[in-house]
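Q: My structure is in data30.cif, and what it holds is mmCIF, C-alpha atoms and all ligand atoms:
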data_data
#
loop_
_atom_site.group_PDB
_atom_site.id
_atom_site.type_symbol
_atom_site.label_atom_id
_atom_site.label_comp_id
_atom_site.auth_asym_id
_atom_site.auth_seq_id
_atom_site.Cartn_x
_atom_site.Cartn_y
_atom_site.Cartn_z
ATOM 1 C CA MET A 1 -28.706 -22.947 -25.905
ATOM 2 C CA GLN A 2 -25.828 -20.540 -26.542
ATOM 3 C CA LEU A 3 -25.668 -17.051 -25.117
ATOM 4 C CA ILE A 4 -24.844 -14.203 -27.514
ATOM 5 C CA ASP A 5 -22.322 -12.320 -25.385
ATOM 6 C CA GLY A 6 -22.800 -8.749 -26.582
ATOM 7 C CA LYS A 7 -20.538 -7.340 -23.917
ATOM 8 C CA HIS A 8 -17.604 -9.480 -25.031
ATOM 9 C CA ILE A 9 -18.238 -8.870 -28.748
ATOM 10 C CA ALA A 10 -18.559 -5.118 -28.136
ATOM 11 C CA LEU A 11 -15.251 -5.026 -26.246
ATOM 12 C CA THR A 12 -13.556 -7.018 -29.027
ATOM 13 C CA ILE A 13 -14.759 -4.576 -31.697
ATOM 14 C CA GLN A 14 -13.836 -1.585 -29.523
ATOM 15 C CA HIS A 15 -10.331 -3.030 -29.134
ATOM 16 C CA GLU A 16 -10.091 -3.322 -32.937
ATOM 17 C CA LEU A 17 -11.233 0.314 -33.237
ATOM 18 C CA ALA A 18 -8.608 1.433 -30.686
ATOM 19 C CA LEU A 19 -5.892 -0.247 -32.787
ATOM 20 C CA GLU A 20 -7.227 1.460 -35.919
ATOM 21 C CA VAL A 21 -7.084 4.846 -34.153
ATOM 22 C CA GLN A 22 -3.459 4.174 -33.195
ATOM 23 C CA ARG A 23 -2.665 3.341 -36.830
ATOM 24 C CA ARG A 24 -4.411 6.501 -38.041
ATOM 25 C CA VAL A 25 -2.599 8.723 -35.579
ATOM 26 C CA ALA A 26 0.769 7.072 -36.367
ATOM 27 C CA ALA A 27 0.074 7.820 -40.052
ATOM 28 C CA GLY A 28 -0.436 11.515 -39.199
ATOM 29 C CA LYS A 29 -4.237 11.459 -39.487
ATOM 30 C CA HIS A 30 -6.564 13.051 -36.963
ATOM 31 C CA ARG A 31 -8.340 11.230 -34.133
ATOM 32 C CA PRO A 32 -12.042 10.615 -34.874
ATOM 33 C CA HIS A 33 -14.104 13.207 -32.986
ATOM 34 C CA LEU A 34 -17.683 12.549 -31.849
ATOM 35 C CA ALA A 35 -19.930 15.210 -30.321
ATOM 36 C CA ALA A 36 -23.144 14.506 -28.426
ATOM 37 C CA VAL A 37 -25.889 16.983 -27.658
ATOM 38 C CA LEU A 38 -27.919 16.203 -24.549
ATOM 39 C CA VAL A 39 -31.012 18.258 -23.764
ATOM 40 C CA GLY A 40 -32.305 18.087 -20.182
ATOM 41 C CA ASN A 41 -31.654 15.556 -17.434
ATOM 42 C CA ASP A 42 -33.601 12.412 -18.319
ATOM 43 C CA GLY A 43 -31.927 9.619 -16.317
ATOM 44 C CA GLY A 44 -31.687 7.116 -19.168
ATOM 45 C CA SER A 45 -30.399 9.692 -21.651
ATOM 46 C CA VAL A 46 -27.738 11.001 -19.236
ATOM 47 C CA THR A 47 -26.498 7.433 -18.634
ATOM 48 C CA TYR A 48 -26.402 6.570 -22.353
ATOM 49 C CA VAL A 49 -24.662 9.778 -23.397
ATOM 50 C CA ASN A 50 -22.085 9.481 -20.606
ATOM 51 C CA ALA A 51 -21.418 5.888 -21.693
ATOM 52 C CA LYS A 52 -20.932 7.035 -25.309
ATOM 53 C CA VAL A 53 -18.475 9.760 -24.263
ATOM 54 C CA ALA A 54 -16.582 7.371 -21.942
ATOM 55 C CA ALA A 55 -16.310 4.771 -24.742
ATOM 56 C CA CYS A 56 -14.816 7.414 -27.056
ATOM 57 C CA GLU A 57 -12.162 8.273 -24.519
ATOM 58 C CA ARG A 58 -11.371 4.599 -23.856
ATOM 59 C CA ILE A 59 -10.576 3.899 -27.497
ATOM 60 C CA GLY A 60 -8.700 7.130 -28.220
ATOM 61 C CA TYR A 61 -11.340 9.259 -29.956
ATOM 62 C CA ARG A 62 -11.944 12.896 -29.126
ATOM 63 C CA SER A 63 -15.369 13.613 -27.711
ATOM 64 C CA THR A 64 -17.376 16.715 -26.934
ATOM 65 C CA LEU A 65 -20.493 16.750 -24.782
ATOM 66 C CA ILE A 66 -22.865 19.686 -25.183
ATOM 67 C CA ARG A 67 -25.522 19.920 -22.462
ATOM 68 C CA LEU A 68 -28.514 22.190 -22.891
ATOM 69 C CA GLU A 69 -31.340 23.011 -20.486
ATOM 70 C CA ASP A 70 -34.654 21.277 -21.165
ATOM 71 C CA THR A 71 -36.111 24.780 -21.629
ATOM 72 C CA VAL A 72 -33.874 25.411 -24.657
ATOM 73 C CA THR A 73 -35.861 26.678 -27.639
ATOM 74 C CA GLU A 74 -36.086 24.720 -30.867
ATOM 75 C CA ALA A 75 -34.395 27.637 -32.661
ATOM 76 C CA ALA A 76 -31.442 27.589 -30.239
ATOM 77 C CA LEU A 77 -31.031 23.825 -30.647
ATOM 78 C CA LEU A 78 -31.151 24.186 -34.448
ATOM 79 C CA GLU A 79 -28.415 26.852 -34.190
ATOM 80 C CA GLN A 80 -26.313 24.449 -32.127
ATOM 81 C CA VAL A 81 -26.787 21.758 -34.787
ATOM 82 C CA GLN A 82 -25.699 24.248 -37.463
ATOM 83 C CA ARG A 83 -22.541 25.099 -35.498
ATOM 84 C CA LEU A 84 -21.687 21.389 -35.287
ATOM 85 C CA ASN A 85 -22.371 20.949 -39.014
ATOM 86 C CA GLU A 86 -19.883 23.748 -39.728
ATOM 87 C CA ASN A 87 -17.237 22.742 -37.168
ATOM 88 C CA ALA A 88 -14.482 21.094 -39.218
ATOM 89 C CA GLU A 89 -12.976 19.547 -36.070
ATOM 90 C CA ILE A 90 -16.017 17.340 -35.502
ATOM 91 C CA ASP A 91 -16.441 14.246 -37.665
ATOM 92 C CA GLY A 92 -19.875 13.212 -36.464
ATOM 93 C CA PHE A 93 -22.457 14.064 -33.843
ATOM 94 C CA ILE A 94 -25.703 12.883 -32.329
ATOM 95 C CA VAL A 95 -28.607 14.636 -30.659
ATOM 96 C CA GLN A 96 -29.794 12.283 -27.939
ATOM 97 C CA LEU A 97 -33.493 11.388 -28.147
ATOM 98 C CA PRO A 98 -36.115 11.833 -26.814
ATOM 99 C CA LEU A 99 -36.230 15.623 -26.941
ATOM 100 C CA PRO A 100 -38.617 17.750 -24.846
ATOM 101 C CA LYS A 101 -42.145 17.943 -26.253
ATOM 102 C CA HIS A 102 -41.844 21.558 -27.409
ATOM 103 C CA ILE A 103 -39.075 20.562 -29.850
ATOM 104 C CA ASP A 104 -39.825 18.877 -33.182
ATOM 105 C CA ALA A 105 -37.298 16.021 -33.174
ATOM 106 C CA GLN A 106 -37.749 15.325 -36.888
ATOM 107 C CA LYS A 107 -36.892 18.938 -37.716
ATOM 108 C CA VAL A 108 -33.717 18.635 -35.636
ATOM 109 C CA ILE A 109 -32.731 15.336 -37.290
ATOM 110 C CA GLU A 110 -33.245 16.855 -40.736
ATOM 111 C CA ALA A 111 -31.035 19.822 -39.798
ATOM 112 C CA ILE A 112 -28.043 17.503 -39.250
ATOM 113 C CA ASP A 113 -25.583 17.296 -42.148
ATOM 114 C CA PRO A 114 -26.082 13.705 -43.414
ATOM 115 C CA ARG A 115 -22.278 13.354 -43.662
ATOM 116 C CA LYS A 116 -22.076 13.889 -39.892
ATOM 117 C CA ASP A 117 -25.245 11.953 -38.979
ATOM 118 C CA VAL A 118 -23.535 9.041 -37.218
ATOM 119 C CA ASP A 119 -26.897 7.943 -35.743
ATOM 120 C CA GLY A 120 -28.074 7.249 -39.314
ATOM 121 C CA PHE A 121 -31.429 8.921 -38.604
ATOM 122 C CA HIS A 122 -31.403 11.577 -41.382
ATOM 123 C CA PRO A 123 -33.740 10.759 -44.306
ATOM 124 C CA VAL A 124 -30.728 10.755 -46.643
ATOM 125 C CA ASN A 125 -29.092 7.967 -44.635
ATOM 126 C CA VAL A 126 -32.368 6.051 -44.222
ATOM 127 C CA GLY A 127 -32.921 6.258 -47.983
ATOM 128 C CA ARG A 128 -29.353 5.225 -48.778
ATOM 129 C CA MET A 129 -29.726 2.279 -46.393
ATOM 130 C CA ALA A 130 -32.926 1.223 -48.180
ATOM 131 C CA LEU A 131 -31.050 1.356 -51.501
ATOM 132 C CA ASN A 132 -28.060 -0.566 -50.114
ATOM 133 C CA LEU A 133 -25.723 2.384 -50.727
ATOM 134 C CA PRO A 134 -22.825 3.398 -48.440
ATOM 135 C CA CYS A 135 -24.307 5.202 -45.423
ATOM 136 C CA PHE A 136 -24.350 5.369 -41.650
ATOM 137 C CA LEU A 137 -26.472 2.474 -40.389
ATOM 138 C CA PRO A 138 -28.467 3.191 -37.224
ATOM 139 C CA ALA A 139 -26.392 1.952 -34.311
ATOM 140 C CA THR A 140 -28.695 -0.659 -32.759
ATOM 141 C CA PRO A 141 -29.616 -2.470 -36.010
ATOM 142 C CA TYR A 142 -25.942 -2.281 -37.029
ATOM 143 C CA GLY A 143 -25.045 -3.862 -33.671
ATOM 144 C CA ILE A 144 -27.601 -6.654 -34.172
ATOM 145 C CA LEU A 145 -26.131 -7.493 -37.603
ATOM 146 C CA GLN A 146 -22.698 -7.716 -36.060
ATOM 147 C CA LEU A 147 -23.880 -10.010 -33.249
ATOM 148 C CA LEU A 148 -25.275 -12.398 -35.879
ATOM 149 C CA GLU A 149 -22.099 -12.154 -37.948
ATOM 150 C CA ARG A 150 -19.634 -12.633 -35.099
ATOM 151 C CA CYS A 151 -21.582 -15.640 -33.757
ATOM 152 C CA GLN A 152 -21.625 -17.025 -37.335
ATOM 153 C CA ILE A 153 -25.409 -17.338 -37.238
ATOM 154 C CA LYS A 154 -26.580 -17.966 -40.799
ATOM 155 C CA THR A 155 -29.472 -15.770 -41.870
ATOM 156 C CA THR A 156 -29.863 -16.528 -45.587
ATOM 157 C CA GLY A 157 -33.259 -18.049 -46.369
ATOM 158 C CA LYS A 158 -34.384 -17.866 -42.733
ATOM 159 C CA HIS A 159 -37.729 -16.479 -41.612
ATOM 160 C CA CYS A 160 -37.082 -13.479 -39.371
ATOM 161 C CA VAL A 161 -39.937 -11.980 -37.365
ATOM 162 C CA VAL A 162 -39.337 -8.448 -36.087
ATOM 163 C CA ILE A 163 -41.717 -7.224 -33.375
ATOM 164 C CA GLY A 164 -41.902 -3.420 -33.281
ATOM 165 C CA ARG A 165 -41.730 -0.887 -36.135
ATOM 166 C CA SER A 166 -39.851 2.033 -34.537
ATOM 167 C CA HIS A 167 -37.688 4.208 -36.761
ATOM 168 C CA ILE A 168 -34.696 3.496 -34.511
ATOM 169 C CA VAL A 169 -34.821 -0.326 -34.425
ATOM 170 C CA GLY A 170 -37.729 -2.371 -35.805
ATOM 171 C CA SER A 171 -38.166 -0.716 -39.177
ATOM 172 C CA PRO A 172 -34.433 -0.498 -40.107
ATOM 173 C CA VAL A 173 -33.620 -3.984 -38.771
ATOM 174 C CA SER A 174 -36.364 -5.451 -40.952
ATOM 175 C CA MET A 175 -34.930 -3.690 -44.024
ATOM 176 C CA LEU A 176 -31.370 -4.763 -43.231
ATOM 177 C CA LEU A 177 -32.225 -8.420 -42.682
ATOM 178 C CA ALA A 178 -34.155 -8.518 -45.973
ATOM 179 C CA ARG A 179 -31.253 -7.040 -47.991
ATOM 180 C CA ASN A 180 -29.267 -9.087 -50.466
ATOM 181 C CA ALA A 181 -26.312 -9.399 -48.076
ATOM 182 C CA GLU A 182 -24.951 -11.607 -45.331
ATOM 183 C CA PRO A 183 -26.194 -11.115 -42.647
ATOM 184 C CA GLY A 184 -29.420 -10.617 -44.568
ATOM 185 C CA ASN A 185 -31.327 -12.535 -47.236
ATOM 186 C CA CYS A 186 -34.054 -13.283 -44.691
ATOM 187 C CA THR A 187 -37.746 -13.540 -45.379
ATOM 188 C CA VAL A 188 -38.857 -10.822 -42.980
ATOM 189 C CA THR A 189 -42.217 -10.369 -41.283
ATOM 190 C CA LEU A 190 -42.567 -7.017 -39.496
ATOM 191 C CA CYS A 191 -45.117 -7.249 -36.674
ATOM 192 C CA HIS A 192 -46.476 -4.389 -34.567
ATOM 193 C CA SER A 193 -49.223 -3.395 -32.160
ATOM 194 C CA ARG A 194 -51.965 -3.974 -34.781
ATOM 195 C CA THR A 195 -50.728 -7.413 -35.857
ATOM 196 C CA GLN A 196 -53.303 -10.202 -35.509
ATOM 197 C CA ASN A 197 -52.352 -13.709 -34.377
ATOM 198 C CA LEU A 198 -48.867 -12.584 -33.377
ATOM 199 C CA ALA A 199 -47.985 -15.824 -31.555
ATOM 200 C CA GLU A 200 -48.902 -17.867 -34.635
ATOM 201 C CA ILE A 201 -46.437 -15.792 -36.657
ATOM 202 C CA THR A 202 -43.605 -15.806 -34.107
ATOM 203 C CA ARG A 203 -43.911 -19.605 -33.779
ATOM 204 C CA THR A 204 -42.877 -19.870 -37.459
ATOM 205 C CA ALA A 205 -39.761 -17.724 -36.951
ATOM 206 C CA ASP A 206 -36.182 -18.950 -37.212
ATOM 207 C CA ILE A 207 -35.022 -15.570 -35.881
ATOM 208 C CA ILE A 208 -37.042 -13.231 -33.653
ATOM 209 C CA VAL A 209 -36.054 -9.625 -32.980
ATOM 210 C CA ALA A 210 -38.125 -8.312 -30.057
ATOM 211 C CA ALA A 211 -38.070 -4.500 -30.100
ATOM 212 C CA LEU A 212 -41.399 -3.312 -28.718
ATOM 213 C CA GLY A 213 -40.441 -2.075 -25.234
ATOM 214 C CA ILE A 214 -42.804 -4.251 -23.168
ATOM 215 C CA PRO A 215 -40.919 -6.195 -20.469
ATOM 216 C CA HIS A 216 -41.089 -10.018 -20.785
ATOM 217 C CA PHE A 217 -43.595 -9.812 -23.660
ATOM 218 C CA LEU A 218 -42.204 -12.759 -25.654
ATOM 219 C CA LYS A 219 -43.192 -15.967 -23.866
ATOM 220 C CA ALA A 220 -41.937 -19.519 -24.388
ATOM 221 C CA ASP A 221 -45.125 -20.647 -26.173
ATOM 222 C CA MET A 222 -44.485 -17.977 -28.838
ATOM 223 C CA VAL A 223 -41.091 -19.401 -29.814
ATOM 224 C CA LYS A 224 -40.258 -22.497 -31.808
ATOM 225 C CA GLU A 225 -37.576 -24.942 -30.676
ATOM 226 C CA GLY A 226 -34.129 -23.900 -31.949
ATOM 227 C CA ALA A 227 -35.011 -20.264 -32.733
ATOM 228 C CA VAL A 228 -32.517 -17.395 -32.458
ATOM 229 C CA VAL A 229 -33.891 -14.652 -30.187
ATOM 230 C CA ILE A 230 -32.545 -11.088 -30.159
ATOM 231 C CA ASP A 231 -33.910 -8.996 -27.278
ATOM 232 C CA VAL A 232 -33.700 -5.248 -27.842
ATOM 233 C CA GLY A 233 -35.809 -4.273 -24.801
ATOM 234 C CA THR A 234 -34.245 -2.121 -22.086
ATOM 235 C CA THR A 235 -37.111 -1.010 -19.859
ATOM 236 C CA ARG A 236 -36.013 0.388 -16.502
ATOM 237 C CA VAL A 237 -37.939 -1.208 -13.635
ATOM 238 C CA ALA A 238 -37.539 0.111 -10.069
ATOM 239 C CA ALA A 239 -35.365 -2.140 -7.884
ATOM 240 C CA PRO A 240 -34.568 -0.357 -4.617
ATOM 241 C CA GLU A 241 -32.153 -3.113 -3.557
ATOM 242 C CA THR A 242 -29.729 -2.283 -6.397
ATOM 243 C CA LYS A 243 -27.110 0.484 -6.376
ATOM 244 C CA SER A 244 -28.684 2.289 -9.341
ATOM 245 C CA GLY A 245 -32.233 1.815 -7.995
ATOM 246 C CA PHE A 246 -33.452 0.033 -11.152
ATOM 247 C CA ARG A 247 -32.980 -3.068 -13.254
ATOM 248 C CA LEU A 248 -33.117 -3.355 -17.038
ATOM 249 C CA HIS A 249 -35.853 -5.687 -18.250
ATOM 250 C CA GLY A 250 -35.811 -7.096 -21.764
ATOM 251 C CA ASP A 251 -38.811 -7.792 -24.002
ATOM 252 C CA VAL A 252 -38.230 -11.534 -23.635
ATOM 253 C CA ASP A 253 -39.251 -13.824 -20.762
ATOM 254 C CA PHE A 254 -35.645 -14.984 -20.725
ATOM 255 C CA VAL A 255 -35.859 -17.696 -18.051
ATOM 256 C CA ASN A 256 -38.547 -19.627 -19.932
ATOM 257 C CA VAL A 257 -37.603 -18.749 -23.517
ATOM 258 C CA ALA A 258 -33.840 -19.388 -23.320
ATOM 259 C CA PRO A 259 -34.043 -23.214 -22.965
ATOM 260 C CA LYS A 260 -35.885 -23.416 -26.322
ATOM 261 C CA CYS A 261 -33.386 -21.274 -28.247
ATOM 262 C CA SER A 262 -30.289 -22.126 -30.259
ATOM 263 C CA TRP A 263 -28.980 -18.609 -29.507
ATOM 264 C CA ILE A 264 -30.318 -15.778 -27.336
ATOM 265 C CA THR A 265 -29.130 -12.355 -26.182
ATOM 266 C CA PRO A 266 -29.307 -11.572 -22.460
ATOM 267 C CA VAL A 267 -30.446 -8.212 -21.014
ATOM 268 C CA PRO A 268 -28.253 -6.558 -19.931
ATOM 269 C CA GLY A 269 -25.130 -7.587 -21.853
ATOM 270 C CA GLY A 270 -26.674 -8.440 -25.247
ATOM 271 C CA VAL A 271 -27.714 -5.802 -27.757
ATOM 272 C CA GLY A 272 -27.124 -2.807 -25.427
ATOM 273 C CA PRO A 273 -23.305 -2.724 -25.544
ATOM 274 C CA MET A 274 -23.403 -3.137 -29.330
ATOM 275 C CA THR A 275 -25.321 0.121 -29.795
ATOM 276 C CA ILE A 276 -22.383 2.181 -28.575
ATOM 277 C CA THR A 277 -20.044 0.099 -30.713
ATOM 278 C CA GLY A 278 -22.111 0.836 -33.838
ATOM 279 C CA LEU A 279 -21.911 4.555 -33.091
ATOM 280 C CA LEU A 280 -18.129 4.363 -32.636
ATOM 281 C CA GLN A 281 -17.779 2.493 -35.941
ATOM 282 C CA ASN A 282 -19.853 5.133 -37.707
ATOM 283 C CA THR A 283 -17.694 7.875 -36.214
ATOM 284 C CA LEU A 284 -14.557 6.219 -37.598
ATOM 285 C CA LEU A 285 -16.272 5.964 -41.001
ATOM 286 C CA ALA A 286 -17.156 9.678 -40.824
ATOM 287 C CA ALA A 287 -13.487 10.494 -40.147
ATOM 288 C CA GLN A 288 -12.369 8.228 -43.005
ATOM 289 C CA TRP A 289 -14.912 9.629 -45.478
ATOM 290 C CA LYS A 290 -14.043 13.262 -44.713
HETATM 291 N N1 LIG A 301 -32.317 7.365 -27.868
HETATM 292 C C1 LIG A 301 -32.439 6.027 -27.812
HETATM 293 N N2 LIG A 301 -31.599 5.422 -28.682
HETATM 294 C C2 LIG A 301 -30.939 6.429 -29.316
HETATM 295 C C3 LIG A 301 -29.937 6.431 -30.315
HETATM 296 O O1 LIG A 301 -29.482 5.409 -30.841
HETATM 297 N N3 LIG A 301 -29.501 7.669 -30.700
HETATM 298 C C4 LIG A 301 -29.993 8.817 -30.169
HETATM 299 N N4 LIG A 301 -29.513 9.986 -30.622
HETATM 300 N N5 LIG A 301 -30.929 8.826 -29.233
HETATM 301 C C5 LIG A 301 -31.391 7.637 -28.817
#
Show me the file's structure as structure tokens.
Ligand code: GUN
A:
Amino acid sequence: MQLIDGKHIALTIQHELALEVQRRVAAGKHRPHLAAVLVGNDGGSVTYVNAKVAACERIGYRSTLIRLEDTVTEAALLEQVQRLNENAEIDGFIVQLPLPKHIDAQKVIEAIDPRKDVDGFHPVNVGRMALNLPCFLPATPYGILQLLERCQIKTTGKHCVVIGRSHIVGSPVSMLLARNAEPGNCTVTLCHSRTQNLAEITRTADIIVAALGIPHFLKADMVKEGAVVIDVGTTRVAAPETKSGFRLHGDVDFVNVAPKCSWITPVPGGVGPMTITGLLQNTLLAAQWK
């Protein structure tokens, strides 16, 4: 079994991005500038957004964090999005999800200028991705592709089973792995909460992407010998003995599944760090495309 070291791969790519920023600036071009809008104080969202802003600063990007109260109206948030669309100093921006219940997240996503939508969530970018046209790929699926690529894991002709059909991970990752590209060219089965005989299907998989958000869901008897397992789960489980007060639990029963795998991502330190990297890569693309 080999561990897919997402932390190391993410740092390597971020180092490459930092060098590219230096080259850009030396050539008289502007530093890529990412803005993030954070509504409210949800613990997970605050941590993720702070990590995104810190990563920007580490590699020489400009970053702007806009914090809004969780009582902000939908109209006020849409105005903020419009200001960011029109701000020529900002290359790309994200609105951290989830949003409070009184705000229609889809309406907010559709208000973002697709050329600045570095999350790749706008229907224009989703459609362009489906058509294999240049676009911003959603950060987590983009990160998963790069883990496979950097570990030289061959995907062509393999059976990939994706568990979970979210718009952020499961659905796009299934499209990307089915594309005529490398990584890609997989025969993809997209499983979800209504799938029957799930274990029978996962046992036929060469590659499993677990993205359903249920801690330790994927058990050893659901995995065939030699499979590649990508664990996208990051459920926070209370752990009073730790400094943060919680531990991240993946969707995979790692201790029992890992010995059967050819490759597996750990949690933490697998897919998680690659999500920020994907966002940073998209932000550089936004600056280059401007
Ligand atoms: N919430 C969970 N993942 C993401 C992400 O990739 N982007 C945004 N904007 N919100 C998220």
Q: Would you compute the distance between CA of Val81 (chain A) and CA of Pro114 (chain A)? Give it in Å to one decimal.
A: 11.8 Å
Q: Just so the selection is clear, what residues does the PyMOL selection byres (((not hetatm)) within 8 of (chain A and resi 301)) cover here, as an mmCIF file with C-alpha atoms, keeping the file's coordinate frame?
A:
data_model
loop_
_atom_site.group_PDB
_atom_site.id
_atom_site.type_symbol
_atom_site.label_atom_id
_atom_site.label_comp_id
_atom_site.auth_asym_id
_atom_site.auth_seq_id
_atom_site.Cartn_x
_atom_site.Cartn_y
_atom_site.Cartn_z
ATOM 1 C CA SER A 45 -30.399 9.692 -21.651
ATOM 2 C CA ILE A 94 -25.703 12.883 -32.329
ATOM 3 C CA VAL A 95 -28.607 14.636 -30.659
ATOM 4 C CA GLN A 96 -29.794 12.283 -27.939
ATOM 5 C CA LEU A 97 -33.493 11.388 -28.147
ATOM 6 C CA PRO A 98 -36.115 11.833 -26.814
ATOM 7 C CA ASP A 119 -26.897 7.943 -35.743
ATOM 8 C CA PRO A 138 -28.467 3.191 -37.224
ATOM 9 C CA ALA A 139 -26.392 1.952 -34.311
ATOM 10 C CA THR A 140 -28.695 -0.659 -32.759
ATOM 11 C CA ILE A 168 -34.696 3.496 -34.511
ATOM 12 C CA THR A 275 -25.321 0.121 -29.795
ATOM 13 C CA LEU A 279 -21.911 4.555 -33.091
#
Q: For a quick check of understanding, using all atoms listed in the file, which of A:Asn180, A:Asn50, A:Thr234, A:Gln281 has the smallest distance to Leu131 (chain A)?
A: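 Smallest separation from Leu131 (chain A) among the options: A:Asn180.
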Q: Go through A:Thr71, A:Pro141, A:His159, A:Leu78 one by one, measure the shortest atom-to-atom distance of each to Ile276 (chain A) using all atoms listed in the file, and give the residue with the smallest value.
A: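 Closest residue, counting all atoms listed in the file: A:Pro141.
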Q: Dump as JSON, numbers by chain all residues having an atom at most 10 Å from (-15.4, 19.4, -38.6), computed in the file's coordinates with only C-alpha atoms.
A: {"A": [33, 34, 83, 84, 85, 86, 87, 88, 89, 90, 91, 92, 116, 287, 290]}
Q: Might you spell out which residues the PyMOL selection byres (((chain A and resi 13) around 12) and not hetatm) would select in the displayed file, as a VMD selection string?
A: chain A and resid 6 to 12 14 to 20 55 59 143 146 to 147 150 273 to 281
Q: Take the PyMOL selection byres (((chain A and resi 185) around 10) and not hetatm), apply it to the structure above, and return the hits as a list in words.
A: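 Against this file, the PyMOL selection byres (((chain A and resi 185) around 10) and not hetatm) returns the residues Lys154, Thr155, Thr156, Gly157, Lys158, His159, Cys160, Leu176, Leu177, Ala178, Arg179, Asn180, Ala181, Glu182, Pro183, Gly184, Cys186, Thr187 and Val188 of chain A.
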Q: May I ask which of the residues A:His192, A:Lys219, A:Lys101, A:His122 is the closest one to Thr73 (chain A), counting only C-alpha atoms?
A: A:Lys101
Q: Can you sort out the box for region 204-208 of chain A, edges along x, y and z, all listed atoms in, 6 Å on every side, with centre and edge lengths in Å to one decimal, as JSON?
A:
{"center_x": -38.9, "center_y": -16.6, "center_z": -35.6, "size_x": 19.9, "size_y": 18.6, "size_z": 15.8}
